[in-house]
Each structure stands twice: as structure tokens, then as C-alpha cells.
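Listing of data-v7.cif, mmCIF, C-alpha atoms
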```
data_data
loop_
_atom_site.group_PDB
_atom_site.id
_atom_site.type_symbol
_atom_site.label_atom_id
_atom_site.label_comp_id
_atom_site.auth_asym_id
_atom_site.auth_seq_id
_atom_site.Cartn_x
_atom_site.Cartn_y
_atom_site.Cartn_z
ATOM 1 C CA MET A 1 4.478 22.181 -27.437
ATOM 2 C CA GLU A 2 0.679 22.285 -27.565
ATOM 3 C CA LYS A 3 -1.560 20.616 -30.073
ATOM 4 C CA GLU A 4 -4.382 22.831 -31.322
ATOM 5 C CA CYS A 5 -7.811 21.639 -30.272
ATOM 6 C CA ASP A 6 -9.470 22.094 -33.680
ATOM 7 C CA THR A 7 -9.407 18.329 -34.187
ATOM 8 C CA ASP A 8 -11.627 17.682 -31.171
ATOM 9 C CA GLY A 9 -13.826 20.783 -31.271
ATOM 10 C CA GLY A 10 -12.940 21.752 -27.702
ATOM 11 C CA LYS A 11 -11.780 25.058 -26.239
ATOM 12 C CA ALA A 12 -8.659 23.788 -24.441
ATOM 13 C CA PRO A 13 -5.505 22.973 -26.388
ATOM 14 C CA ARG A 14 -4.040 19.511 -25.938
ATOM 15 C CA ILE A 15 -0.661 18.997 -24.293
ATOM 16 C CA PRO A 16 1.726 16.157 -25.196
ATOM 17 C CA LEU A 17 2.187 13.238 -22.816
ATOM 18 C CA ASN A 18 5.369 11.179 -22.564
ATOM 19 C CA ASP A 19 3.712 8.198 -24.286
ATOM 20 C CA GLY A 20 2.809 10.087 -27.468
ATOM 21 C CA ASN A 21 -0.807 10.806 -26.547
ATOM 22 C CA PHE A 22 -2.273 14.292 -26.087
ATOM 23 C CA MET A 23 -4.360 15.470 -23.124
ATOM 24 C CA PRO A 24 -6.651 18.533 -22.923
ATOM 25 C CA ALA A 25 -5.157 21.316 -20.817
ATOM 26 C CA MET A 26 -8.272 21.478 -18.608
ATOM 27 C CA GLY A 27 -11.123 19.203 -17.566
ATOM 28 C CA LEU A 28 -14.272 18.748 -15.491
ATOM 29 C CA GLY A 29 -14.216 16.676 -12.306
ATOM 30 C CA THR A 30 -17.246 14.725 -11.082
ATOM 31 C CA LEU A 31 -16.535 14.058 -7.397
ATOM 32 C CA GLY A 32 -19.855 14.616 -5.606
ATOM 33 C CA PHE A 33 -19.550 18.290 -4.645
ATOM 34 C CA ASP A 34 -19.098 21.513 -6.566
ATOM 35 C CA GLU A 35 -16.404 24.147 -6.069
ATOM 36 C CA ASP A 36 -18.214 25.959 -3.262
ATOM 37 C CA GLY A 37 -18.898 22.791 -1.288
ATOM 38 C CA HIS A 38 -22.480 21.941 -2.267
ATOM 39 C CA GLU A 39 -23.068 18.206 -2.566
ATOM 40 C CA GLU A 40 -24.052 17.041 -6.021
ATOM 41 C CA GLU A 41 -24.855 13.401 -6.749
ATOM 42 C CA GLU A 42 -26.308 13.923 -10.223
ATOM 43 C CA VAL A 43 -23.533 14.619 -12.723
ATOM 44 C CA GLU A 44 -25.054 13.404 -15.992
ATOM 45 C CA GLU A 45 -26.548 16.738 -17.040
ATOM 46 C CA PRO A 46 -23.535 18.848 -15.957
ATOM 47 C CA VAL A 47 -21.170 16.579 -17.915
ATOM 48 C CA THR A 48 -23.312 16.923 -21.035
ATOM 49 C CA TRP A 49 -23.393 20.700 -20.538
ATOM 50 C CA ALA A 50 -19.617 20.752 -20.131
ATOM 51 C CA LEU A 51 -18.959 18.760 -23.287
ATOM 52 C CA ASN A 52 -21.291 20.963 -25.311
ATOM 53 C CA ALA A 53 -19.564 24.046 -23.808
ATOM 54 C CA GLY A 54 -16.153 22.922 -25.095
ATOM 55 C CA TYR A 55 -14.708 20.673 -22.390
ATOM 56 C CA ARG A 56 -13.044 17.549 -23.739
ATOM 57 C CA MET A 57 -11.638 15.981 -20.557
ATOM 58 C CA ILE A 58 -13.971 14.397 -17.990
ATOM 59 C CA ASP A 59 -12.528 13.051 -14.728
ATOM 60 C CA THR A 60 -14.301 10.322 -12.756
ATOM 61 C CA ALA A 61 -13.366 7.304 -10.623
ATOM 62 C CA SER A 62 -14.665 3.911 -9.605
ATOM 63 C CA GLY A 63 -15.102 5.262 -6.089
ATOM 64 C CA TYR A 64 -17.257 8.188 -7.232
ATOM 65 C CA GLU A 65 -20.011 5.717 -8.152
ATOM 66 C CA ASN A 66 -21.067 7.836 -11.117
ATOM 67 C CA GLU A 67 -19.208 6.301 -14.068
ATOM 68 C CA ASP A 68 -22.544 5.161 -15.502
ATOM 69 C CA GLN A 69 -23.787 8.768 -15.449
ATOM 70 C CA VAL A 70 -20.613 9.969 -17.159
ATOM 71 C CA GLY A 71 -21.037 7.312 -19.854
ATOM 72 C CA ARG A 72 -24.636 8.354 -20.521
ATOM 73 C CA ALA A 73 -23.662 12.032 -20.563
ATOM 74 C CA ILE A 74 -21.047 11.460 -23.252
ATOM 75 C CA LEU A 75 -23.560 9.459 -25.288
ATOM 76 C CA ASN A 76 -26.146 12.238 -24.956
ATOM 77 C CA SER A 77 -23.748 15.050 -25.860
ATOM 78 C CA ASN A 78 -22.999 16.316 -29.346
ATOM 79 C CA VAL A 79 -19.387 15.143 -29.027
ATOM 80 C CA PRO A 80 -18.124 11.861 -30.546
ATOM 81 C CA ARG A 81 -16.502 9.449 -28.058
ATOM 82 C CA GLU A 82 -13.112 9.618 -29.776
ATOM 83 C CA GLN A 83 -12.948 13.365 -29.095
ATOM 84 C CA VAL A 84 -13.551 12.961 -25.346
ATOM 85 C CA PHE A 85 -10.614 12.324 -22.999
ATOM 86 C CA ILE A 86 -12.028 10.115 -20.235
ATOM 87 C CA VAL A 87 -10.083 9.814 -16.978
ATOM 88 C CA THR A 88 -11.007 7.226 -14.368
ATOM 89 C CA LYS A 89 -9.277 5.901 -11.282
ATOM 90 C CA LEU A 90 -8.798 2.587 -9.547
ATOM 91 C CA GLY A 91 -10.865 2.172 -6.395
ATOM 92 C CA LEU A 92 -9.047 2.076 -3.047
ATOM 93 C CA SER A 93 -10.238 -1.505 -2.488
ATOM 94 C CA GLU A 94 -9.422 -2.720 -6.018
ATOM 95 C CA PRO A 95 -5.600 -2.931 -6.305
ATOM 96 C CA ARG A 96 -5.421 -6.738 -6.211
ATOM 97 C CA ASP A 97 -7.183 -7.153 -9.571
ATOM 98 C CA VAL A 98 -6.506 -4.024 -11.586
ATOM 99 C CA VAL A 99 -7.506 -5.238 -15.044
ATOM 100 C CA GLN A 100 -10.778 -6.735 -13.869
ATOM 101 C CA SER A 101 -11.554 -3.548 -11.941
ATOM 102 C CA LEU A 102 -10.917 -1.442 -15.028
ATOM 103 C CA ARG A 103 -13.155 -3.710 -17.090
ATOM 104 C CA GLY A 104 -15.907 -2.941 -14.586
ATOM 105 C CA SER A 105 -15.318 0.790 -15.059
ATOM 106 C CA LEU A 106 -15.379 0.402 -18.844
ATOM 107 C CA LYS A 107 -18.707 -1.409 -18.676
ATOM 108 C CA ARG A 108 -20.200 1.352 -16.525
ATOM 109 C CA LEU A 109 -18.742 4.050 -18.805
ATOM 110 C CA ASN A 110 -20.042 2.198 -21.873
ATOM 111 C CA THR A 111 -16.685 2.414 -23.651
ATOM 112 C CA SER A 112 -13.979 -0.035 -24.723
ATOM 113 C CA TYR A 113 -11.111 2.079 -23.363
ATOM 114 C CA VAL A 114 -10.311 5.074 -21.182
ATOM 115 C CA ASP A 115 -7.843 7.741 -22.211
ATOM 116 C CA LEU A 116 -6.196 7.899 -18.782
ATOM 117 C CA PHE A 117 -6.301 5.390 -15.908
ATOM 118 C CA LEU A 118 -4.886 6.428 -12.538
ATOM 119 C CA ILE A 119 -4.022 4.849 -9.208
ATOM 120 C CA ASN A 120 -6.186 7.104 -7.029
ATOM 121 C CA THR A 121 -3.824 6.975 -4.039
ATOM 122 C CA PRO A 122 -0.887 4.813 -2.879
ATOM 123 C CA ILE A 123 -3.110 3.782 0.051
ATOM 124 C CA ALA A 124 -5.144 0.595 -0.317
ATOM 125 C CA MET A 125 -8.158 -0.626 1.655
ATOM 126 C CA LYS A 126 -9.474 -4.146 2.211
ATOM 127 C CA PRO A 127 -12.326 -5.077 -0.157
ATOM 128 C CA ASP A 128 -14.915 -4.633 2.615
ATOM 129 C CA TYR A 129 -13.274 -1.377 3.806
ATOM 130 C CA SER A 130 -12.755 -2.919 7.254
ATOM 131 C CA GLY A 131 -9.192 -1.625 7.389
ATOM 132 C CA PHE A 132 -6.002 -0.940 5.483
ATOM 133 C CA ASP A 133 -4.614 -3.328 2.906
ATOM 134 C CA THR A 134 -0.835 -3.203 2.512
ATOM 135 C CA VAL A 135 -0.663 -3.853 -1.228
ATOM 136 C CA ASP A 136 2.550 -2.385 -2.611
ATOM 137 C CA TYR A 137 1.710 0.292 -5.169
ATOM 138 C CA LEU A 138 4.523 -1.118 -7.332
ATOM 139 C CA ASP A 139 2.457 -4.299 -7.704
ATOM 140 C CA THR A 140 -0.644 -2.233 -8.430
ATOM 141 C CA TRP A 141 1.310 -0.383 -11.112
ATOM 142 C CA LYS A 142 2.082 -3.660 -12.893
ATOM 143 C CA GLY A 143 -1.669 -4.065 -13.287
ATOM 144 C CA LEU A 144 -1.936 -0.613 -14.894
ATOM 145 C CA GLU A 145 0.912 -1.492 -17.251
ATOM 146 C CA GLU A 146 -0.999 -4.622 -18.261
ATOM 147 C CA ALA A 147 -4.158 -2.552 -18.810
ATOM 148 C CA LYS A 148 -2.222 -0.271 -21.174
ATOM 149 C CA ARG A 149 -0.728 -3.224 -23.039
ATOM 150 C CA LEU A 150 -4.233 -4.647 -23.489
ATOM 151 C CA GLY A 151 -5.462 -1.355 -24.936
ATOM 152 C CA LEU A 152 -7.938 -0.801 -22.107
ATOM 153 C CA ALA A 153 -6.194 2.465 -21.143
ATOM 154 C CA LYS A 154 -4.350 4.668 -23.634
ATOM 155 C CA SER A 155 -2.309 6.357 -20.890
ATOM 156 C CA ILE A 156 -1.652 5.507 -17.254
ATOM 157 C CA GLY A 157 -0.645 7.553 -14.238
ATOM 158 C CA VAL A 158 -1.005 8.117 -10.512
ATOM 159 C CA SER A 159 -2.689 10.474 -8.070
ATOM 160 C CA ASN A 160 -1.700 11.729 -4.603
ATOM 161 C CA PHE A 161 1.850 10.327 -4.787
ATOM 162 C CA ASN A 162 4.689 12.293 -3.188
ATOM 163 C CA ILE A 163 8.150 12.781 -4.704
ATOM 164 C CA SER A 164 9.814 9.833 -2.945
ATOM 165 C CA GLN A 165 6.976 7.546 -4.029
ATOM 166 C CA MET A 166 7.297 8.815 -7.591
ATOM 167 C CA GLU A 167 11.046 8.192 -7.529
ATOM 168 C CA ARG A 168 10.503 4.635 -6.290
ATOM 169 C CA LEU A 169 7.885 4.019 -8.982
ATOM 170 C CA LEU A 170 10.100 5.391 -11.752
ATOM 171 C CA SER A 171 12.973 3.159 -10.599
ATOM 172 C CA ASN A 172 10.829 0.027 -10.744
ATOM 173 C CA CYS A 173 8.413 0.450 -13.661
ATOM 174 C CA GLU A 174 8.456 -0.789 -17.230
ATOM 175 C CA ILE A 175 6.059 1.911 -18.467
ATOM 176 C CA ARG A 176 6.527 5.373 -16.997
ATOM 177 C CA PRO A 177 3.514 7.215 -15.605
ATOM 178 C CA ALA A 178 2.281 9.870 -18.028
ATOM 179 C CA VAL A 179 0.373 11.984 -15.494
ATOM 180 C CA LEU A 180 0.467 12.880 -11.793
ATOM 181 C CA LEU A 181 -2.771 14.258 -10.314
ATOM 182 C CA VAL A 182 -2.441 16.208 -7.048
ATOM 183 C CA GLU A 183 -3.996 19.180 -5.277
ATOM 184 C CA VAL A 184 -2.661 22.465 -6.677
ATOM 185 C CA ASN A 185 -4.081 25.941 -6.073
ATOM 186 C CA LEU A 186 -3.036 29.416 -4.928
ATOM 187 C CA ASN A 187 -2.429 28.198 -1.346
ATOM 188 C CA LEU A 188 -0.621 25.007 -2.458
ATOM 189 C CA ALA A 189 1.734 25.804 -5.321
ATOM 190 C CA GLN A 190 3.510 22.402 -5.321
ATOM 191 C CA ASN A 191 6.633 24.080 -6.721
ATOM 192 C CA GLU A 192 9.029 21.277 -5.786
ATOM 193 C CA LEU A 193 6.695 18.628 -7.144
ATOM 194 C CA GLN A 194 6.254 20.551 -10.381
ATOM 195 C CA GLU A 195 10.010 20.862 -10.825
ATOM 196 C CA PHE A 196 10.218 17.089 -10.384
ATOM 197 C CA THR A 197 7.476 16.343 -12.934
ATOM 198 C CA LYS A 198 9.020 18.720 -15.467
ATOM 199 C CA ARG A 199 12.379 17.048 -15.031
ATOM 200 C CA GLU A 200 10.823 13.608 -15.478
ATOM 201 C CA ASN A 201 8.515 14.661 -18.362
ATOM 202 C CA ILE A 202 5.320 13.811 -16.455
ATOM 203 C CA ALA A 203 2.236 15.977 -16.937
ATOM 204 C CA LEU A 204 0.888 17.602 -13.780
ATOM 205 C CA MET A 205 -2.873 17.721 -13.281
ATOM 206 C CA ALA A 206 -4.563 19.670 -10.481
ATOM 207 C CA PHE A 207 -7.620 18.815 -8.440
ATOM 208 C CA MET A 208 -9.166 21.436 -6.107
ATOM 209 C CA PRO A 209 -7.746 24.240 -8.288
ATOM 210 C CA PHE A 210 -9.750 26.867 -6.393
ATOM 211 C CA GLY A 211 -8.396 25.730 -3.023
ATOM 212 C CA SER A 212 -10.027 27.802 -0.269
ATOM 213 C CA LEU A 213 -11.409 30.461 -2.604
ATOM 214 C CA TYR A 214 -14.984 29.713 -1.492
ATOM 215 C CA ASP A 215 -14.197 28.879 2.144
ATOM 216 C CA LYS A 216 -16.560 30.372 4.728
ATOM 217 C CA THR A 217 -14.909 29.021 7.901
ATOM 218 C CA GLY A 218 -12.049 31.508 7.972
ATOM 219 C CA VAL A 219 -9.573 28.746 8.838
ATOM 220 C CA PRO A 220 -7.482 28.447 5.638
ATOM 221 C CA PRO A 221 -5.158 31.278 4.591
ATOM 222 C CA PRO A 222 -6.348 33.841 2.014
ATOM 223 C CA PRO A 223 -7.335 34.541 -0.704
ATOM 224 C CA ARG A 224 -11.115 34.300 -0.962
ATOM 225 C CA ILE A 225 -13.300 34.971 -3.960
ATOM 226 C CA ASP A 226 -13.658 38.648 -2.996
ATOM 227 C CA ASP A 227 -9.937 39.234 -2.361
ATOM 228 C CA ALA A 228 -9.029 42.774 -3.480
ATOM 229 C CA THR A 229 -5.937 41.673 -5.443
ATOM 230 C CA LEU A 230 -7.863 38.984 -7.317
ATOM 231 C CA VAL A 231 -10.786 41.305 -8.044
ATOM 232 C CA GLU A 232 -8.364 43.927 -9.384
ATOM 233 C CA LEU A 233 -6.786 41.356 -11.707
ATOM 234 C CA ALA A 234 -10.194 40.150 -12.851
ATOM 235 C CA ASN A 235 -11.184 43.715 -13.720
ATOM 236 C CA LYS A 236 -7.874 44.292 -15.510
ATOM 237 C CA TYR A 237 -8.405 41.316 -17.836
ATOM 238 C CA LYS A 238 -12.230 41.613 -17.983
ATOM 239 C CA LYS A 239 -12.534 38.120 -16.556
ATOM 240 C CA THR A 240 -13.844 36.610 -13.309
ATOM 241 C CA VAL A 241 -11.734 35.696 -10.273
ATOM 242 C CA PRO A 242 -12.099 31.920 -10.931
ATOM 243 C CA GLN A 243 -10.987 32.468 -14.529
ATOM 244 C CA ILE A 244 -7.879 34.308 -13.324
ATOM 245 C CA VAL A 245 -7.037 31.435 -10.940
ATOM 246 C CA LEU A 246 -7.519 28.777 -13.631
ATOM 247 C CA ARG A 247 -5.496 30.751 -16.153
ATOM 248 C CA TYR A 248 -2.678 31.057 -13.623
ATOM 249 C CA LEU A 249 -2.476 27.269 -13.321
ATOM 250 C CA VAL A 250 -2.653 26.711 -17.072
ATOM 251 C CA GLN A 251 0.158 29.207 -17.672
ATOM 252 C CA ARG A 252 2.254 27.301 -15.116
ATOM 253 C CA GLY A 253 1.803 24.231 -17.310
ATOM 254 C CA ILE A 254 -0.678 22.549 -14.949
ATOM 255 C CA SER A 255 -3.997 21.064 -16.126
ATOM 256 C CA PRO A 256 -6.800 22.024 -13.706
ATOM 257 C CA ILE A 257 -9.818 19.822 -13.032
ATOM 258 C CA THR A 258 -12.753 22.002 -11.978
ATOM 259 C CA GLN A 259 -15.784 20.921 -9.942
ATOM 260 C CA SER A 260 -18.485 23.207 -11.349
ATOM 261 C CA PHE A 261 -21.903 21.703 -12.001
ATOM 262 C CA GLY A 262 -23.873 24.821 -13.006
ATOM 263 C CA LYS A 263 -24.297 25.361 -16.749
ATOM 264 C CA GLU A 264 -23.178 29.021 -16.753
ATOM 265 C CA LYS A 265 -20.298 28.303 -14.381
ATOM 266 C CA ASN A 266 -19.157 25.440 -16.618
ATOM 267 C CA GLU A 267 -19.158 27.727 -19.642
ATOM 268 C CA GLU A 268 -17.342 30.483 -17.747
ATOM 269 C CA ASN A 269 -14.549 28.277 -16.402
ATOM 270 C CA ILE A 270 -13.517 26.899 -19.789
ATOM 271 C CA ASP A 271 -13.368 30.392 -21.306
ATOM 272 C CA ILE A 272 -9.749 31.064 -20.305
ATOM 273 C CA PHE A 273 -7.840 30.383 -23.505
ATOM 274 C CA ASP A 274 -8.323 33.806 -25.116
ATOM 275 C CA PHE A 275 -6.035 35.825 -22.830
ATOM 276 C CA GLU A 276 -2.669 35.629 -21.068
ATOM 277 C CA LEU A 277 -1.581 36.886 -17.656
ATOM 278 C CA ALA A 278 1.432 39.207 -17.582
ATOM 279 C CA GLU A 279 4.543 37.857 -15.878
ATOM 280 C CA SER A 280 4.222 40.469 -13.126
ATOM 281 C CA ASP A 281 0.691 39.242 -12.390
ATOM 282 C CA MET A 282 1.887 35.614 -12.337
ATOM 283 C CA ILE A 283 4.414 36.655 -9.670
ATOM 284 C CA THR A 284 1.702 38.450 -7.681
ATOM 285 C CA LEU A 285 -0.483 35.329 -7.713
ATOM 286 C CA SER A 286 2.430 33.100 -6.711
ATOM 287 C CA GLN A 287 2.792 35.034 -3.459
ATOM 288 C CA PHE A 288 -0.443 33.528 -2.090
ATOM 289 C CA ASN A 289 1.325 30.174 -1.664
ATOM 290 C CA LYS A 290 1.376 28.932 1.929
ATOM 291 C CA ASN A 291 1.871 25.186 1.246
ATOM 292 C CA TYR A 292 -1.592 24.710 2.777
ATOM 293 C CA ARG A 293 -3.553 21.573 1.848
ATOM 294 C CA VAL A 294 -7.328 21.489 1.707
ATOM 295 C CA PHE A 295 -7.212 17.717 1.180
ATOM 296 C CA LEU A 296 -5.301 16.214 4.102
ATOM 297 C CA PRO A 297 -6.826 12.794 4.924
ATOM 298 C CA SER A 298 -4.907 12.284 8.169
ATOM 299 C CA PHE A 299 -7.309 9.474 9.127
ATOM 300 C CA TRP A 300 -5.189 7.407 6.710
ATOM 301 C CA GLN A 301 -1.863 8.442 8.198
ATOM 302 C CA ASP A 302 -1.153 5.083 9.886
ATOM 303 C CA HIS A 303 -0.957 3.433 6.475
ATOM 304 C CA PRO A 304 2.696 2.757 5.493
ATOM 305 C CA TYR A 305 2.220 4.486 2.129
ATOM 306 C CA TYR A 306 0.475 7.610 3.448
ATOM 307 C CA PRO A 307 1.860 10.342 1.136
ATOM 308 C CA PHE A 308 1.344 13.534 3.153
ATOM 309 C CA GLU A 309 2.628 15.200 6.307
ATOM 310 C CA ARG A 310 1.293 13.556 9.479
ATOM 311 C CA LYS A 311 -0.676 15.337 12.185
ATOM 312 C CA GLU A 312 -0.156 14.886 15.925
ATOM 313 C CA ASN A 313 -3.810 13.903 16.266
ATOM 314 C CA ALA A 314 -5.367 12.321 13.211
ATOM 315 C CA ASP A 315 -8.816 13.418 12.077
ATOM 316 C CA ASN A 316 -11.737 11.021 12.184
ATOM 317 C CA ASP A 317 -12.721 9.412 8.907
#
```
Could you write out this structure as C-alpha cells?
Amino acid sequence: MEKECDTDGGKAPRIPLNDGNFMPAMGLGTLGFDEDGHEEEEVEEPVTWALNAGYRMIDTASGYENEDQVGRAILNSNVPREQVFIVTKLGLSEPRDVVQSLRGSLKRLNTSYVDLFLINTPIAMKPDYSGFDTVDYLDTWKGLEEAKRLGLAKSIGVSNFNISQMERLLSNCEIRPAVLLVEVNLNLAQNELQEFTKRENIALMAFMPFGSLYDKTGVPPPPRIDDATLVELANKYKKTVPQIVLRYLVQRGISPITQSFGKEKNEENIDIFDFELAESDMITLSQFNKNYRVFLPSFWQDHPYYPFERKENADND
């Protein structure tokens, strides 16, 4: 079931969450680089552009150090606060005082609540980032539950958790997570994880939805932006390759978070709700899956709650 977006003026329909709230089916991320790898520290103007273009979900985090810019952008847009779905995340060094940390985010965002508050990763760092902190994410989750009870967050969820960590959380929580945010793209389909979230009625949100589409190193598996199959599909539907990729995720029931800071690119990416990919084309796109992660922070792999596959030789931080 989808809720039409005419009530919030946005282009993306809203999908139901397990707590009764509704989340836009697509959003804009504000981590400091755009989809083709260019660093971008200023996000205020792009967020305002995105909201005026029809986005209604904006994703930020304490650790991005731009919540103040996001707050100003919302204020400067033509969109009322109650129509914007704000997502923020707990900082890696903040799990010992969740509510106070969220209050700090709310002050920077200039709002009394966020629509979705996430644990950014099961890994915790000491407050001075001098090393790992072994805070149990179950204890951190209790803080998110308290934040929801206080009305500081309408919905709560997690990011970068694996299936076993999700199972442990679900067995020990009072309030179930509404959303799981992980990397999903053509190279990393996350089929098993999606089956799990469907079974548990947890919405799946995707960061890095373009995966290696813009890669210039040649290391990750295909496709790239000029891939013949993708270009053929784009021509077939009179859309662009990025629009085809985003539509593929949306039709799988996954909410992509894009990282596009150009005004025209912003407007292009959200324009994917006026067409539908044929089932045969969905199958074609699914065949690019290689279970390849772009985001593999192996420099964290000695932490007991590291959620990903470990490498023989960890990368440097």
C-alpha cells in the first residue's frame, strides 16, 4: 500500500511504516560528496533546490556536521516543515547519551522532532575517537526507544546492521525498528536482507543507490553509466540511466537516497514516478548483482559488532 503524495506536495509517494507513519519512497542524502565522487561541503542550497523540485525526505546525520545547513535549507524552501521527512543519525561517539545527542541534532536542525532517527552503525567509538567503544547496540536502542516515547523522533530505525544483528535486536526490543538503511545498488542487490525485512515488516532504505555507476578506477564490476544495456533501457523508456537505476530500486520496494547536489540532477533523479519498468527489464537489471560492496570499512573490522565480511588485511582508516 502506498499513500499518495498530494498531501505533502512531493513527487514521491509515501510508503507505510510498521509504526503507522508514512515515509517518502525516495530522498536526498547530504553526506559530503555527490554521486560521482566530488566532495561537497555546502548542502544548504542543494537541499532547498531538492525540496522545491519535489523531494520530501532529507537524510543527514550528526557526523555529517551539516544539520544546521539542512535546517536552514528547509526554512528557506517553499515547503512547510510538517511536509518534510527529516532523517538524522546518531553519531558514532554518541551512544552513551542518545536522548541528549538527539536534542543536539534537533537544535542544529531547528526543529522539535525528526521523522526518523537511526543508529548509524552498530560500531561505537570513544567520545574522543581514540579507539573503539564496546557499547552494546541493544543499550543504544533503548535510548532510541526513549526518544520516540518523548516525541523527539516519530520513527526509529538502524543503519548498516546485518541479519543476525537485526534478529538479536528484534528479540530484545520493546519498539521494533521501522527502517533499515543499507547499501543497495545494481552490484549489491541485498536479496537475502530484503527478504528478511519484508518478512519482519521493516522498510528498506538504500544509500549509494548508484553503486559503481560513476567509477573511473575500473576495479568494481560493471555496469558503468555508459553500459550498453543500461543505455538501451534508458532509450526505451525515454529516461536517463540514473533514472532507470533508481526506478529499479523503487519497484523492488526499496527507498533510495541519492547524493546529487546539482540543481538539474536533483530534478532529474526525482522524476521517476511517471513510468514503470517491465518485468523482463527488472530481471535484466537484477543480473548485474555481484554482491559487491562499495562501502566496506574494514578498518573497523576488529570491533566486535562489525557487520560486514572481514578482509585478510584491513584497510587504513
### Message
Could you list, as a ChimeraX atom specification, every residue matched by the PyMOL selection byres ((chain A and resi 153-164) around 6) in this structure?
### Response
/A:113-121,147-148,151-152,165-167,177-182,307
May I have the residues from that selection written out with C-alpha atoms, as a short mmCIF file (atom, residue, chain, number, x, y, z; two decimals), in the coordinates of the input?
```cif
data_model
loop_
_atom_site.label_atom_id
_atom_site.label_comp_id
_atom_site.auth_asym_id
_atom_site.auth_seq_id
_atom_site.Cartn_x
_atom_site.Cartn_y
_atom_site.Cartn_z
CA TYR A 113 -11.11 2.08 -23.36
CA VAL A 114 -10.31 5.07 -21.18
CA ASP A 115 -7.84 7.74 -22.21
CA LEU A 116 -6.20 7.90 -18.78
CA PHE A 117 -6.30 5.39 -15.91
CA LEU A 118 -4.89 6.43 -12.54
CA ILE A 119 -4.02 4.85 -9.21
CA ASN A 120 -6.19 7.10 -7.03
CA THR A 121 -3.82 6.98 -4.04
CA ALA A 147 -4.16 -2.55 -18.81
CA LYS A 148 -2.22 -0.27 -21.17
CA GLY A 151 -5.46 -1.36 -24.94
CA LEU A 152 -7.94 -0.80 -22.11
CA GLN A 165 6.98 7.55 -4.03
CA MET A 166 7.30 8.82 -7.59
CA GLU A 167 11.05 8.19 -7.53
CA PRO A 177 3.51 7.22 -15.60
CA ALA A 178 2.28 9.87 -18.03
CA VAL A 179 0.37 11.98 -15.49
CA LEU A 180 0.47 12.88 -11.79
CA LEU A 181 -2.77 14.26 -10.31
CA VAL A 182 -2.44 16.21 -7.05
CA PRO A 307 1.86 10.34 1.14
#
```
### Query
What residues come out when you apply the PyMOL selection byres ((chain A and resi 194) around 12) to this file, written as a PyMOL selection string?
chain A and resi 162-163+179-184+188-193+195-206+249+252-255
### Task
Place a sphere of radius 12 Å on (-1.3, 12.3, -27.1) in the file coordinates and name every protein, DNA or RNA residue with an atom inside or on its surface, counting all atoms listed in the file; give the answer as a PyMOL selection string.
chain A and resi 1-5+13-25+83+85+115-116+154-156+178-179+203
### Query
Quick one: which residues end up in the PyMOL selection byres ((chain A and resi 302-305) around 6) for this structure, as number ranges by chain?
A: 122-123, 300-301, 306-307
### Task
Mind checking which residues fall within 8 Å of Trp49 of chain A, counting only C-alpha atoms, ignoring those fewer than 5 positions away in the same chain, and posting them as a PyMOL selection string?
chain A and resi 77+263+266
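Of the listed residues A:Glu174, A:Glu94, A:Asp133, A:Glu44, the one whose atoms come nearest to Ser62 of chain A is A:Glu94, with distances taken using all atoms listed in the file.
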